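Visitor: Could you have a look at this structure, given as structure tokens, before my questions?
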Amino acid sequence: MRYELIIFDWDGTLMNSVPKIVACMQAASLDAEWGELNVNAIEDIIGLGLPEAIAKLCPGIEAAQAERLRQRYAYHFVDGDSTPMPFFDGVEEQIARLRERSHQRLAVATGKSRRGLDRIFSETKSGGWFHASRTADETRSKPHPQMILELLDELKVPVERAVMVGDTEYDLEMARSINMDRVGVTYGVHTPARLAASQPVWVADDVESLFDWLYD
């Protein structure tokens, strides 16, 4: 077994939620009277905690307007937008394959809120796939490594026996900062060049090749 603990990012790594995030952020920005946001700019902040994402997307925004944007984003994501959010093809089967190994530990480290991740866990019945999870609002936003440090501590796994998997430099940089192995996936939001700058031990272009490598 290559790694005792595999920590996955969520959006853009396991779930194809990027189109919904973009649509909801664009709608929220208009509701908050900030104006239209560029699609590429929104994709760039996926993975950050929502307050950090808004601050980066909307430099100079005042606190009240940022809070309005946050509230409207939450509304659109839960109730106001119907863009589907499927798992990437093969994810469910491949996670089940990993879970067949008795000593394998799986976790999630995400920029979502705890409320948001738990809602997705419930809707997709996927919460039982993972032994632990951390969200940006209960620790620190990526690329700070606190969420993965907490997962290592909770699951009692040494850093050399764990790997972080994600589609953004934020995922990979938080692992690199503590000398944890990291794997990039190119089917999410950041380019292969951006992922390569974080010196991943492996870069996968699709779900099948990702899990085949993790399963070795």
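So you can find residues: chains in the structure tokens are A, B, ... in the order shown, residues in each start at 1, and ligands are numbered from 1 in order.
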Might you pull out every residue within 6 Å of region 22-39 of chain A, with only C-alpha atoms counted and same-chain residues fewer than 3 positions away left off, and present them as JSON, numbers by chain?
Guide: {"A": [19, 42, 68, 69, 72, 73, 76, 77]}
Visitor: Could you name the residues that touch Asp89 (chain A) at 10 Å or less, counting only C-alpha atoms, but leaving out those on the same chain fewer than 3 positions away, as a PyMOL selection string?
Guide: chain A and resi 14-16+86+92-94+206-208
Visitor: Could you list, with a cut-off of 6 Å and counting only C-alpha atoms, the residues of region 11-108 of chain A near region 1-5 of chain A, each shown with its nearest atom pair and the distance in Å rounded to one decimal, rows sorted by chain and ascending number, as CSV?
Guide:
```
residue,atom,partner,partner_atom,distance
A:Gln104,CA,A:Glu4,CA,5.3
A:Arg105,CA,A:Leu5,CA,4.6
A:Leu106,CA,A:Leu5,CA,5.7
```
Visitor: Hey, which of A:Thr110, A:Gln71, A:Thr83, A:Thr139 ends up closest to Met164 (chain A)? Count only C-alpha atoms.
Guide: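 Smallest distance to Met164 (chain A) is found for A:Thr110.
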Visitor: Please return as a list in words: the residues of region 2-169 of chain A that backbone DSSP assigns to strand (DSSP E or B).
Guide: Leu5, Ile6, Ile7, Phe8, Asp11, Met15, Ile46, Leu48, Phe87, Arg105, Leu106, Ala107, Val108, Ala109, Thr110, Ala132, Ser133, Arg134, Thr135, Ala162, Val163, Met164, Val165 and Gly166 of chain A
Visitor: Per DSSP on the backbone, filter region 30-150 of chain A down to the residues in alpha helix (DSSP H) and report them as a PyMOL selection string.
Guide: chain A and resi 30-31+39-45+50-57+63-75+91-99+114-124+146-150
Visitor: Pick out the closest residue to Ile46 (chain A) from this set: A:Thr168, A:Ser126, A:Ser102, A:Ser113. Count only C-alpha atoms.
Guide: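 That would be A:Thr168, the residue with the smallest distance to Ile46 (chain A).
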Visitor: Choose the residue, out of A:Val203, A:Met180, A:Ala107, A:Met85, that has the smallest atom-to-atom separation from Ile7 (chain A); count only C-alpha atoms.
Guide: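 Among the listed residues, the smallest separation from Ile7 (chain A) belongs to A:Ala107.
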Visitor: Residues at most 9 Å from Tyr170 (chain A), counting only C-alpha atoms, excluding those fewer than 4 positions away in the same chain, as a ChimeraX atom specification?
Guide: /A:47-48,142-144,166,174-175
Visitor: Produce a file of the selected residues containing N, CA, C and O atoms, as a PDB file, in the first residue's frame.
Guide:
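result.pdb was written with the following content:
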```pdb
ATOM      1  N   GLY A  47     -11.342  26.372  -4.000  1.00  0.00           N
ATOM      2  CA  GLY A  47     -10.444  25.701  -3.066  1.00  0.00           C
ATOM      3  C   GLY A  47     -10.163  26.527  -1.841  1.00  0.00           C
ATOM      4  O   GLY A  47      -9.847  25.994  -0.783  1.00  0.00           O
ATOM      5  N   LEU A  48     -10.270  27.850  -1.981  1.00  0.00           N
ATOM      6  CA  LEU A  48     -10.096  28.726  -0.828  1.00  0.00           C
ATOM      7  C   LEU A  48     -11.377  28.746   0.006  1.00  0.00           C
ATOM      8  O   LEU A  48     -12.462  28.436  -0.496  1.00  0.00           O
ATOM      9  N   LYS A 142      -6.917  26.897   2.968  1.00  0.00           N
ATOM     10  CA  LYS A 142      -5.763  26.606   2.136  1.00  0.00           C
ATOM     11  C   LYS A 142      -5.194  27.933   1.605  1.00  0.00           C
ATOM     12  O   LYS A 142      -5.949  28.880   1.434  1.00  0.00           O
ATOM     13  N   PRO A 143      -3.904  28.030   1.368  1.00  0.00           N
ATOM     14  CA  PRO A 143      -2.879  26.982   1.389  1.00  0.00           C
ATOM     15  C   PRO A 143      -2.207  26.761   2.741  1.00  0.00           C
ATOM     16  O   PRO A 143      -1.214  26.045   2.808  1.00  0.00           O
ATOM     17  N   HIS A 144      -2.724  27.362   3.816  1.00  0.00           N
ATOM     18  CA  HIS A 144      -2.156  27.053   5.125  1.00  0.00           C
ATOM     19  C   HIS A 144      -2.389  25.563   5.410  1.00  0.00           C
ATOM     20  O   HIS A 144      -3.461  25.035   5.129  1.00  0.00           O
ATOM     21  N   GLY A 166      -5.269  16.916  -5.117  1.00  0.00           N
ATOM     22  CA  GLY A 166      -6.105  18.064  -5.441  1.00  0.00           C
ATOM     23  C   GLY A 166      -5.863  18.618  -6.833  1.00  0.00           C
ATOM     24  O   GLY A 166      -4.884  18.272  -7.505  1.00  0.00           O
ATOM     25  N   MET A 174      -0.246  23.446   0.397  1.00  0.00           N
ATOM     26  CA  MET A 174      -0.363  23.172   1.834  1.00  0.00           C
ATOM     27  C   MET A 174       0.344  21.866   2.188  1.00  0.00           C
ATOM     28  O   MET A 174       0.905  21.744   3.279  1.00  0.00           O
ATOM     29  N   ALA A 175       0.368  20.903   1.262  1.00  0.00           N
ATOM     30  CA  ALA A 175       1.118  19.673   1.507  1.00  0.00           C
ATOM     31  C   ALA A 175       2.621  19.912   1.394  1.00  0.00           C
ATOM     32  O   ALA A 175       3.403  19.414   2.214  1.00  0.00           O
TER      33      ALA A 175
END
```
Visitor: So which one's closest to Leu155 (chain A), A:Ala74, A:Leu50, A:Ile6, A:Ala197? Using only C-alpha atoms, please.
Guide: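 Selected residue with least distance to Leu155 (chain A): A:Ile6.
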Visitor: Rounded to one decimal place, report the CA of Asn40 (chain A)-CA of Ala53 (chain A) distance in Å.
Guide: 13.1 Å
